[in-house]
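Engineer: Here you go, query-v2.csv (CSV, C-alpha atoms):
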```
chain,number,residue,atom,x,y,z
W,1,MET,CA,108.2,132.3,99.4
W,2,THR,CA,109.1,129.2,97.4
W,3,LEU,CA,108.2,126.2,99.7
W,4,LEU,CA,106.3,124.6,96.8
W,5,GLN,CA,108.0,126.2,93.8
W,6,GLY,CA,107.3,124.2,90.6
W,7,LYS,CA,104.7,121.9,92.3
W,8,VAL,CA,101.2,121.2,91.0
W,9,ALA,CA,98.6,121.1,93.8
W,10,PHE,CA,95.1,119.7,93.7
W,11,ILE,CA,92.9,121.2,96.4
W,12,THR,CA,89.4,120.0,97.1
W,13,GLY,CA,87.0,122.4,98.9
W,14,GLY,CA,89.1,125.1,97.5
W,15,GLY,CA,86.4,127.7,97.2
W,16,SER,CA,85.9,128.5,100.8
W,17,GLY,CA,87.3,128.1,104.3
W,18,ILE,CA,90.4,126.0,104.8
W,19,GLY,CA,90.5,124.9,101.2
W,20,ARG,CA,90.4,128.5,100.0
W,21,ALA,CA,93.3,129.4,102.3
W,22,CYS,CA,95.2,126.4,101.0
W,23,ALA,CA,94.7,127.4,97.4
W,24,ILE,CA,95.9,130.9,98.0
W,25,GLY,CA,98.7,129.9,100.3
W,26,PHE,CA,100.0,127.2,98.1
W,27,ALA,CA,100.1,129.5,95.1
W,28,ALA,CA,101.9,132.1,97.2
W,29,GLU,CA,104.5,129.4,97.9
W,30,GLY,CA,105.0,128.8,94.2
W,31,ALA,CA,102.6,126.0,93.3
W,32,ARG,CA,100.2,125.9,90.4
W,33,VAL,CA,96.8,125.0,91.8
W,34,ALA,CA,93.7,123.2,90.7
W,35,ILE,CA,90.8,124.5,92.7
W,36,ILE,CA,88.2,121.7,93.2
W,37,GLU,CA,84.9,123.0,94.5
W,38,ARG,CA,81.2,122.1,94.1
W,39,ASN,CA,80.3,125.7,93.8
W,40,ASN,CA,81.7,126.9,90.5
W,41,ALA,CA,81.4,130.6,91.3
W,42,HIS,CA,83.4,130.2,94.5
W,43,ALA,CA,86.1,128.2,92.7
W,44,ASP,CA,86.3,130.9,89.9
W,45,GLU,CA,86.6,133.6,92.5
W,46,VAL,CA,89.6,132.0,94.2
W,47,ALA,CA,91.3,131.2,90.9
W,48,GLN,CA,91.0,134.9,90.0
W,49,ILE,CA,92.6,135.8,93.3
W,50,VAL,CA,95.5,133.5,92.6
W,51,ARG,CA,95.9,134.8,89.1
W,52,GLY,CA,95.7,138.4,90.3
W,53,ALA,CA,98.6,137.7,92.6
W,54,GLY,CA,100.7,136.4,89.6
W,55,GLY,CA,100.0,132.7,90.1
W,56,GLU,CA,98.5,130.0,87.9
W,57,ALA,CA,95.2,128.3,88.7
W,58,ILE,CA,92.3,126.4,87.2
W,59,ALA,CA,88.9,126.1,88.7
W,60,LEU,CA,86.9,122.9,88.4
W,61,GLY,CA,83.3,122.4,89.6
W,62,VAL,CA,83.3,119.0,91.2
W,63,ASP,CA,81.2,117.1,93.8
W,64,VAL,CA,83.8,115.0,95.5
W,65,SER,CA,81.2,112.4,96.4
W,66,ASP,CA,81.1,111.5,92.7
W,67,GLY,CA,84.2,109.3,92.1
W,68,ALA,CA,84.0,109.7,88.3
W,69,ALA,CA,83.9,113.5,88.5
W,70,VAL,CA,87.0,113.4,90.8
W,71,LYS,CA,88.8,111.1,88.4
W,72,GLU,CA,88.1,113.5,85.5
W,73,ALA,CA,89.3,116.5,87.6
W,74,VAL,CA,92.6,114.7,88.2
W,75,ARG,CA,92.9,114.0,84.5
W,76,VAL,CA,92.2,117.7,83.6
W,77,THR,CA,94.7,118.9,86.2
W,78,VAL,CA,97.5,116.7,84.8
W,79,GLU,CA,96.6,117.6,81.2
W,80,THR,CA,96.8,121.3,82.1
W,81,PHE,CA,99.9,121.4,84.3
W,82,GLY,CA,101.7,118.2,83.4
W,83,SER,CA,101.8,116.5,86.8
W,84,LEU,CA,100.2,116.2,90.2
W,85,ASP,CA,102.7,116.7,93.0
W,86,CYS,CA,100.6,117.4,96.1
W,87,ALA,CA,97.0,117.5,97.2
W,88,VAL,CA,94.9,118.8,100.0
W,89,ASN,CA,91.6,117.0,100.5
W,90,SER,CA,89.6,119.7,102.4
W,91,ALA,CA,86.0,119.4,101.0
W,92,GLY,CA,83.6,118.7,103.7
W,93,ILE,CA,80.2,119.4,105.3
W,94,GLY,CA,79.0,120.0,108.8
W,95,SER,CA,76.5,117.9,110.7
W,96,SER,CA,73.4,118.1,112.8
W,97,ALA,CA,73.9,118.5,116.5
W,98,SER,CA,72.1,115.4,117.4
W,99,LEU,CA,72.4,112.8,120.1
W,100,PHE,CA,73.9,109.6,118.6
W,101,ALA,CA,70.6,107.7,119.0
W,102,GLU,CA,68.8,110.6,117.1
W,103,VAL,CA,71.2,111.2,114.2
W,104,PRO,CA,69.0,111.4,111.1
W,105,ASP,CA,69.8,108.7,108.5
W,106,ASP,CA,70.1,111.3,105.7
W,107,ASP,CA,72.6,113.3,107.8
W,108,TRP,CA,74.7,110.1,108.5
W,109,ASP,CA,74.6,109.2,104.8
W,110,ALA,CA,75.7,112.7,103.7
W,111,GLN,CA,78.6,112.6,106.2
W,112,ILE,CA,79.9,109.3,104.8
W,113,ALA,CA,79.3,110.4,101.2
W,114,VAL,CA,81.2,113.7,101.4
W,115,ASN,CA,83.5,113.6,104.4
W,116,LEU,CA,84.7,110.1,104.0
W,117,ASN,CA,84.0,108.8,100.5
W,118,GLY,CA,84.9,112.3,99.1
W,119,VAL,CA,88.4,111.8,100.6
W,120,ARG,CA,88.6,108.2,99.5
W,121,PHE,CA,87.8,109.0,95.9
W,122,SER,CA,90.2,112.0,95.9
W,123,MET,CA,93.0,109.9,97.4
W,124,LYS,CA,92.4,107.0,95.1
W,125,HIS,CA,92.8,109.0,91.9
W,126,GLN,CA,95.6,111.2,93.3
W,127,LEU,CA,97.5,108.1,94.2
W,128,ILE,CA,97.0,106.5,90.8
W,129,GLN,CA,98.7,109.5,89.3
W,130,MET,CA,101.4,109.9,91.9
W,131,ARG,CA,102.3,106.2,91.6
W,132,LYS,CA,103.0,106.8,87.9
W,133,GLN,CA,105.3,109.7,88.9
W,134,ARG,CA,106.9,107.7,91.7
W,135,GLY,CA,106.2,110.5,94.2
W,136,GLY,CA,103.9,113.0,95.8
W,137,ALA,CA,102.3,114.2,99.0
W,138,ILE,CA,98.7,114.2,100.2
W,139,VAL,CA,97.2,116.0,103.1
W,140,ASN,CA,93.7,115.1,104.3
W,141,ILE,CA,91.8,117.6,106.4
W,142,ALA,CA,90.3,115.5,109.2
W,143,SER,CA,89.2,117.1,112.5
W,144,GLY,CA,89.8,117.2,116.2
W,145,ALA,CA,86.6,115.1,116.1
W,146,GLY,CA,88.7,112.5,114.3
W,147,ILE,CA,91.0,111.9,117.2
W,148,THR,CA,88.8,112.4,120.2
W,149,GLY,CA,85.1,112.1,121.0
W,150,VAL,CA,83.0,115.1,120.5
W,151,PRO,CA,79.4,115.1,121.8
W,152,ARG,CA,76.5,115.3,119.3
W,153,SER,CA,78.7,114.6,116.2
W,154,GLY,CA,77.9,111.0,115.4
W,155,GLY,CA,78.1,110.9,111.6
W,156,TYR,CA,80.8,113.7,111.4
W,157,GLY,CA,82.9,112.0,114.1
W,158,ALA,CA,82.6,108.6,112.4
W,159,ALA,CA,83.7,110.0,109.0
W,160,LYS,CA,86.6,112.0,110.4
W,161,HIS,CA,87.9,109.1,112.5
W,162,ALA,CA,87.7,107.0,109.3
W,163,VAL,CA,89.7,109.7,107.4
W,164,VAL,CA,92.5,109.4,110.0
W,165,GLY,CA,92.4,105.6,109.5
W,166,ILE,CA,92.6,105.6,105.7
W,167,THR,CA,95.3,108.2,105.9
W,168,ARG,CA,97.5,105.9,108.0
W,169,VAL,CA,96.7,102.9,105.8
W,170,ALA,CA,97.5,104.7,102.5
W,171,ALA,CA,100.7,106.1,104.1
W,172,LEU,CA,101.9,102.6,104.8
W,173,ASP,CA,100.7,101.1,101.5
W,174,HIS,CA,102.6,103.7,99.4
W,175,ALA,CA,105.5,104.8,101.5
W,176,LYS,CA,108.0,102.8,99.4
W,177,GLU,CA,106.7,104.5,96.2
W,178,GLY,CA,107.8,107.9,97.4
W,179,ILE,CA,104.3,109.1,98.4
W,180,ARG,CA,103.6,110.6,101.7
W,181,VAL,CA,100.1,110.8,103.2
W,182,ASN,CA,99.3,112.7,106.3
W,183,ALA,CA,96.2,114.3,108.0
W,184,ILE,CA,95.7,117.6,109.8
W,185,CYS,CA,93.1,117.6,112.6
W,186,PRO,CA,92.0,121.2,113.0
W,187,GLY,CA,90.4,122.5,116.1
W,188,TYR,CA,87.9,125.4,116.0
W,189,ILE,CA,88.8,127.4,112.9
W,190,LEU,CA,87.0,130.5,111.7
W,191,THR,CA,85.3,129.3,108.5
W,192,PRO,CA,81.7,129.7,107.2
W,193,MET,CA,81.0,126.0,108.1
W,194,THR,CA,82.3,126.3,111.7
W,195,ALA,CA,80.5,129.6,112.2
W,196,GLU,CA,77.2,127.8,111.4
W,197,THR,CA,78.2,124.9,113.7
W,198,ALA,CA,79.1,127.2,116.5
W,199,LYS,CA,75.8,129.0,116.3
W,200,LEU,CA,73.9,125.7,116.3
W,201,ARG,CA,75.8,124.3,119.2
W,202,LYS,CA,76.3,127.6,121.1
W,203,LEU,CA,80.1,127.1,121.1
W,204,ASP,CA,82.7,129.5,122.5
W,205,ALA,CA,86.1,129.4,120.8
W,206,ALA,CA,87.9,130.7,123.9
W,207,GLU,CA,86.4,127.9,126.0
W,208,LEU,CA,87.2,125.2,123.3
W,209,CYS,CA,90.8,126.2,122.6
W,210,PRO,CA,93.2,126.4,125.5
W,211,ILE,CA,95.2,129.0,123.6
W,212,GLY,CA,92.2,131.3,124.1
W,213,ARG,CA,91.1,132.0,120.6
W,214,ALA,CA,89.8,130.3,117.4
W,215,GLY,CA,92.2,129.4,114.7
W,216,GLU,CA,92.5,131.1,111.3
W,217,PRO,CA,92.3,129.1,108.0
W,218,HIS,CA,95.8,130.2,107.0
W,219,GLU,CA,97.2,128.5,110.0
W,220,ILE,CA,95.9,125.2,108.7
W,221,ALA,CA,97.1,126.1,105.2
W,222,ASP,CA,100.6,126.8,106.5
W,223,ALA,CA,100.7,123.4,108.1
W,224,ALA,CA,99.5,121.7,105.0
W,225,ALA,CA,102.1,123.5,102.8
W,226,TRP,CA,104.9,122.3,105.2
W,227,LEU,CA,103.6,118.7,105.0
W,228,CYS,CA,103.5,118.9,101.2
W,229,SER,CA,107.0,120.3,101.0
W,230,GLU,CA,110.4,118.6,101.1
W,231,ARG,CA,110.9,120.0,104.6
W,232,ALA,CA,108.5,117.3,105.7
W,233,SER,CA,110.3,114.5,103.7
W,234,PHE,CA,110.4,112.1,106.7
W,235,VAL,CA,106.8,112.6,107.8
W,236,THR,CA,104.1,110.2,106.8
W,237,GLY,CA,101.1,108.6,108.4
W,238,VAL,CA,100.7,111.4,110.9
W,239,ALA,CA,97.4,112.9,112.2
W,240,LEU,CA,98.6,116.3,113.2
W,241,PRO,CA,96.5,118.4,115.6
W,242,VAL,CA,96.5,122.1,114.7
W,243,ASP,CA,93.9,123.1,117.3
W,244,GLY,CA,95.2,125.5,119.9
W,245,GLY,CA,95.6,122.7,122.4
W,246,PHE,CA,92.1,121.2,122.1
W,247,ALA,CA,93.3,117.6,121.9
W,248,ALA,CA,96.1,118.0,124.4
```
Can you dump the structure from the file as structure tokens?
Structural biologist:
Amino acid sequence: MTLLQGKVAFITGGGSGIGRACAIGFAAEGARVAIIERNNAHADEVAQIVRGAGGEAIALGVDVSDGAAVKEAVRVTVETFGSLDCAVNSAGIGSSASLFAEVPDDDWDAQIAVNLNGVRFSMKHQLIQMRKQRGGAIVNIASGAGITGVPRSGGYGAAKHAVVGITRVAALDHAKEGIRVNAICPGYILTPMTAETAKLRKLDAAELCPIGRAGEPHEIADAAAWLCSERASFVTGVALPVDGGFAA
């Protein structure tokens, strides 16, 4: 499989869930990957999996809510691999299941810091590098909660709607520079974060997804790999639901 042969990929949240699947999947498609993850041990574990399969990877411990740390991670990635061709911004956190009027301020602030500003900082520094190269592709992992209302998800829904918004703006701002920016809006995907959310909210995947089951992380990774490849060369500014029919 060579969908991303020769590409350098920068993947936030790469130590678990969708980000982990993207790191492993992109490497299988021929990319060299920088695994960006707040938990160093998780990042190292995924990097070892990639190397064990014959790929190239570096693991960088980074909190994406720290813009300076993200900037440095981009610098190290380019210094190590020579370029930055594609990125998946997957780092994120879940939220409390509170009525909007009862959302704790610290939960709201954390949602904006990680789920929105983390994407903003990542895109900013990825775009700076890609503009130098006159090309690249970015995929932001938003959510079904970013394109439709989901009860008891005030801060999370606000951040994910904003991610879709900044994706579209960046796509328009940088289209003529050969840079494509898209978002994926996953439905209920089997990850450690959603497992905790499902338990908290007593969710049933079969009820949430018309297709009758929860999604797998690799199904999001496959969509992200396509969006980052030349096969999606005419696709930019899209918020793509990969959700088993949730948003239909």
Engineer: Extract, using only C-alpha atoms, all DNA, RNA and protein residues at most 9 Å from W:Ser90, discarding same-chain residues fewer than 4 positions from it, and format them as a PyMOL selection string.
Structural biologist: chain W and resi 11-14+17-19+22+115+119+139-142
Engineer: Anything within 7 Å of (93.7, 122.5, 93.3): list those residues as number ranges by chain, counting all atoms listed in the file and sticking to the file's coordinates.
Structural biologist: W: 9-12, 14, 23, 33-36
Engineer: Would you mind reading off the distance between atom CA of W:Ala68 and atom CA of W:Ser83, one decimal, in Å?
Structural biologist: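 Calculated distance between atom CA of W:Ala68 and atom CA of W:Ser83 is 19.1 Å.
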Engineer: So that I can check the surroundings of W:Ala57, please list as a PyMOL selection string every protein, DNA and RNA residue that reaches within 10 Å of it, counting all atoms listed in the file and ignoring chain neighbours fewer than 6 positions away.
Structural biologist: chain W and resi 8-10+23-24+27+31-35+43-44+46-51+77+80-81
Engineer: Let me see the file: selected residues, C-alpha atoms, as an mmCIF file, in the frame of the given file.
Structural biologist:
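What follows is the written file out14.cif:
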```cif
data_model
loop_
_atom_site.group_PDB
_atom_site.id
_atom_site.type_symbol
_atom_site.label_atom_id
_atom_site.label_comp_id
_atom_site.auth_asym_id
_atom_site.auth_seq_id
_atom_site.Cartn_x
_atom_site.Cartn_y
_atom_site.Cartn_z
ATOM 1 C CA VAL W 8 101.200 121.200 91.000
ATOM 2 C CA ALA W 9 98.600 121.100 93.800
ATOM 3 C CA PHE W 10 95.100 119.700 93.700
ATOM 4 C CA ALA W 23 94.700 127.400 97.400
ATOM 5 C CA ILE W 24 95.900 130.900 98.000
ATOM 6 C CA ALA W 27 100.100 129.500 95.100
ATOM 7 C CA ALA W 31 102.600 126.000 93.300
ATOM 8 C CA ARG W 32 100.200 125.900 90.400
ATOM 9 C CA VAL W 33 96.800 125.000 91.800
ATOM 10 C CA ALA W 34 93.700 123.200 90.700
ATOM 11 C CA ILE W 35 90.800 124.500 92.700
ATOM 12 C CA ALA W 43 86.100 128.200 92.700
ATOM 13 C CA ASP W 44 86.300 130.900 89.900
ATOM 14 C CA VAL W 46 89.600 132.000 94.200
ATOM 15 C CA ALA W 47 91.300 131.200 90.900
ATOM 16 C CA GLN W 48 91.000 134.900 90.000
ATOM 17 C CA ILE W 49 92.600 135.800 93.300
ATOM 18 C CA VAL W 50 95.500 133.500 92.600
ATOM 19 C CA ARG W 51 95.900 134.800 89.100
ATOM 20 C CA THR W 77 94.700 118.900 86.200
ATOM 21 C CA THR W 80 96.800 121.300 82.100
ATOM 22 C CA PHE W 81 99.900 121.400 84.300
#
```
Engineer: Suppose you want the space between atom CA of W:Ala113 and atom CA of W:Gly15; what is it in Å?
Structural biologist: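 Separation between atom CA of W:Ala113 and atom CA of W:Gly15: 19.1 Å.
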Engineer: State, in Å with one decimal place, the distance from atom CA of W:Leu172 to atom CA of W:Val242.
Structural biologist: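 Computing it gives 22.5 Å between the two atoms.
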Engineer: Set the distance at 8 Å and use only C-alpha atoms: which residues neighbour W:Lys71 once local chain neighbours fewer than 5 positions away are removed? I'd like the list as a compact mmCIF listing (two decimals) with C-alpha atoms, in the frame of the given file.
Structural biologist:
```
# COMPACT_ATOMS: atom_id res chain seq x y z
CA PHE W 121 87.80 109.00 95.90
CA SER W 122 90.20 112.00 95.90
CA HIS W 125 92.80 109.00 91.90
```
Engineer: Have a look at W:Gly67, W:Gly212, W:Pro104, W:Gly118 and name the one nearest to W:Ala91; count all atoms listed in the file.
Structural biologist: W:Gly118
Engineer: Restricting the calculation to all atoms listed in the file: of W:Arg213, W:Lys7, W:Arg20, W:Lys132, which residue gets closest to W:Glu37?
Structural biologist: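 Using all atoms listed in the file, the shortest distance to W:Glu37 belongs to W:Arg20.
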Engineer: Using only C-alpha atoms, which of W:Ala183, W:Val163, W:Ala232, W:Leu240 sits nearest W:Arg120?
Structural biologist: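 When distances to W:Arg120 are compared using only C-alpha atoms, the smallest one comes from W:Val163.
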Engineer: Need to verify the contact set: W:Arg131, 9 Å, only C-alpha atoms, exclusion of same-chain residues closer than 6 positions in sequence. Can you return it as a list in words?
Structural biologist: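 Near W:Arg131, the qualifying residues are His174, Glu177, Gly178 and Ile179 of chain W.
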Engineer: Might you pull out every residue within 12 Å of W:Asp105, with all atoms listed in the file counted and same-chain residues fewer than 4 positions away left off, and present them as a PyMOL selection string?
Structural biologist: chain W and resi 95-96+98+100-101+109-112+154-155
Engineer: Missing atoms in stretch 78-109 of chain W should be modelled up to N, CA and C atoms and reported as a JSON list (two decimals), keeping the file's coordinate frame.
Structural biologist:
```json
[["chain", "number", "residue", "atom", "x", "y", "z"],
["W", 78, "VAL", "N", 96.25, 117.18, 85.38],
["W", 78, "VAL", "CA", 97.50, 116.70, 84.80],
["W", 78, "VAL", "C", 97.65, 117.12, 83.36],
["W", 79, "GLU", "N", 96.55, 117.12, 82.62],
["W", 79, "GLU", "CA", 96.60, 117.60, 81.20],
["W", 79, "GLU", "C", 96.98, 119.06, 81.16],
["W", 80, "THR", "N", 96.51, 119.85, 82.11],
["W", 80, "THR", "CA", 96.80, 121.30, 82.10],
["W", 80, "THR", "C", 98.18, 121.62, 82.58],
["W", 81, "PHE", "N", 98.60, 121.00, 83.68],
["W", 81, "PHE", "CA", 99.90, 121.40, 84.30],
["W", 81, "PHE", "C", 101.00, 120.36, 84.16],
["W", 82, "GLY", "N", 100.68, 119.17, 83.68],
["W", 82, "GLY", "CA", 101.70, 118.20, 83.40],
["W", 82, "GLY", "C", 102.04, 117.20, 84.49],
["W", 83, "SER", "N", 101.53, 117.43, 85.70],
["W", 83, "SER", "CA", 101.80, 116.50, 86.80],
["W", 83, "SER", "C", 100.82, 116.77, 87.93],
["W", 84, "LEU", "N", 100.93, 115.96, 88.98],
["W", 84, "LEU", "CA", 100.20, 116.20, 90.20],
["W", 84, "LEU", "C", 101.12, 115.84, 91.36],
["W", 85, "ASP", "N", 101.64, 116.85, 92.02],
["W", 85, "ASP", "CA", 102.70, 116.70, 93.00],
["W", 85, "ASP", "C", 102.19, 116.63, 94.44],
["W", 86, "CYS", "N", 101.13, 117.38, 94.71],
["W", 86, "CYS", "CA", 100.60, 117.40, 96.10],
["W", 86, "CYS", "C", 99.12, 117.69, 96.05],
["W", 87, "ALA", "N", 98.46, 117.31, 97.12],
["W", 87, "ALA", "CA", 97.00, 117.50, 97.20],
["W", 87, "ALA", "C", 96.59, 117.74, 98.63],
["W", 88, "VAL", "N", 95.55, 118.54, 98.75],
["W", 88, "VAL", "CA", 94.90, 118.80, 100.00],
["W", 88, "VAL", "C", 93.43, 118.43, 99.86],
["W", 89, "ASN", "N", 92.95, 117.46, 100.60],
["W", 89, "ASN", "CA", 91.60, 117.00, 100.50],
["W", 89, "ASN", "C", 90.78, 117.69, 101.67],
["W", 90, "SER", "N", 90.19, 118.84, 101.35],
["W", 90, "SER", "CA", 89.60, 119.70, 102.40],
["W", 90, "SER", "C", 88.05, 119.76, 102.26],
["W", 91, "ALA", "N", 87.49, 119.29, 101.14],
["W", 91, "ALA", "CA", 86.00, 119.40, 101.00],
["W", 91, "ALA", "C", 85.31, 118.67, 102.07],
["W", 92, "GLY", "N", 84.32, 119.30, 102.64],
["W", 92, "GLY", "CA", 83.60, 118.70, 103.70],
["W", 92, "GLY", "C", 82.32, 119.43, 104.07],
["W", 93, "ILE", "N", 81.47, 118.80, 104.85],
["W", 93, "ILE", "CA", 80.20, 119.40, 105.30],
["W", 93, "ILE", "C", 80.09, 119.26, 106.80],
["W", 94, "GLY", "N", 79.30, 120.14, 107.39],
["W", 94, "GLY", "CA", 79.00, 120.00, 108.80],
["W", 94, "GLY", "C", 77.87, 119.07, 109.08],
["W", 95, "SER", "N", 77.55, 118.89, 110.35],
["W", 95, "SER", "CA", 76.50, 117.90, 110.70],
["W", 95, "SER", "C", 75.50, 118.48, 111.64],
["W", 96, "SER", "N", 74.41, 117.75, 111.80],
["W", 96, "SER", "CA", 73.40, 118.10, 112.80],
["W", 96, "SER", "C", 73.96, 117.91, 114.19],
["W", 97, "ALA", "N", 73.47, 118.68, 115.15],
["W", 97, "ALA", "CA", 73.90, 118.50, 116.50],
["W", 97, "ALA", "C", 72.99, 117.59, 117.27],
["W", 98, "SER", "N", 73.00, 116.32, 116.86],
["W", 98, "SER", "CA", 72.10, 115.40, 117.40],
["W", 98, "SER", "C", 72.73, 114.37, 118.34],
["W", 99, "LEU", "N", 71.99, 113.92, 119.36],
["W", 99, "LEU", "CA", 72.40, 112.80, 120.10],
["W", 99, "LEU", "C", 72.62, 111.60, 119.20],
["W", 100, "PHE", "N", 73.55, 110.69, 119.53],
["W", 100, "PHE", "CA", 73.90, 109.60, 118.60],
["W", 100, "PHE", "C", 72.61, 108.80, 118.25],
["W", 101, "ALA", "N", 71.76, 108.53, 119.22],
["W", 101, "ALA", "CA", 70.60, 107.70, 119.00],
["W", 101, "ALA", "C", 69.55, 108.44, 118.09],
["W", 102, "GLU", "N", 69.76, 109.76, 117.89],
["W", 102, "GLU", "CA", 68.80, 110.60, 117.10],
["W", 102, "GLU", "C", 69.36, 111.12, 115.83],
["W", 103, "VAL", "N", 70.57, 110.69, 115.46],
["W", 103, "VAL", "CA", 71.20, 111.20, 114.20],
["W", 103, "VAL", "C", 70.27, 110.78, 113.03],
["W", 104, "PRO", "N", 69.79, 111.73, 112.24],
["W", 104, "PRO", "CA", 69.00, 111.40, 111.10],
["W", 104, "PRO", "C", 69.75, 110.54, 110.08],
["W", 105, "ASP", "N", 69.10, 109.57, 109.48],
["W", 105, "ASP", "CA", 69.80, 108.70, 108.50],
["W", 105, "ASP", "C", 70.36, 109.49, 107.35],
["W", 106, "ASP", "N", 69.62, 110.52, 106.89],
["W", 106, "ASP", "CA", 70.10, 111.30, 105.70],
["W", 106, "ASP", "C", 71.36, 112.09, 106.10],
["W", 107, "ASP", "N", 71.44, 112.53, 107.36],
["W", 107, "ASP", "CA", 72.60, 113.30, 107.80],
["W", 107, "ASP", "C", 73.83, 112.30, 107.86],
["W", 108, "TRP", "N", 73.61, 111.12, 108.43],
["W", 108, "TRP", "CA", 74.70, 110.10, 108.50],
["W", 108, "TRP", "C", 75.19, 109.78, 107.09],
["W", 109, "ASP", "N", 74.25, 109.53, 106.18],
["W", 109, "ASP", "CA", 74.60, 109.20, 104.80],
["W", 109, "ASP", "C", 75.40, 110.28, 104.12]]
```
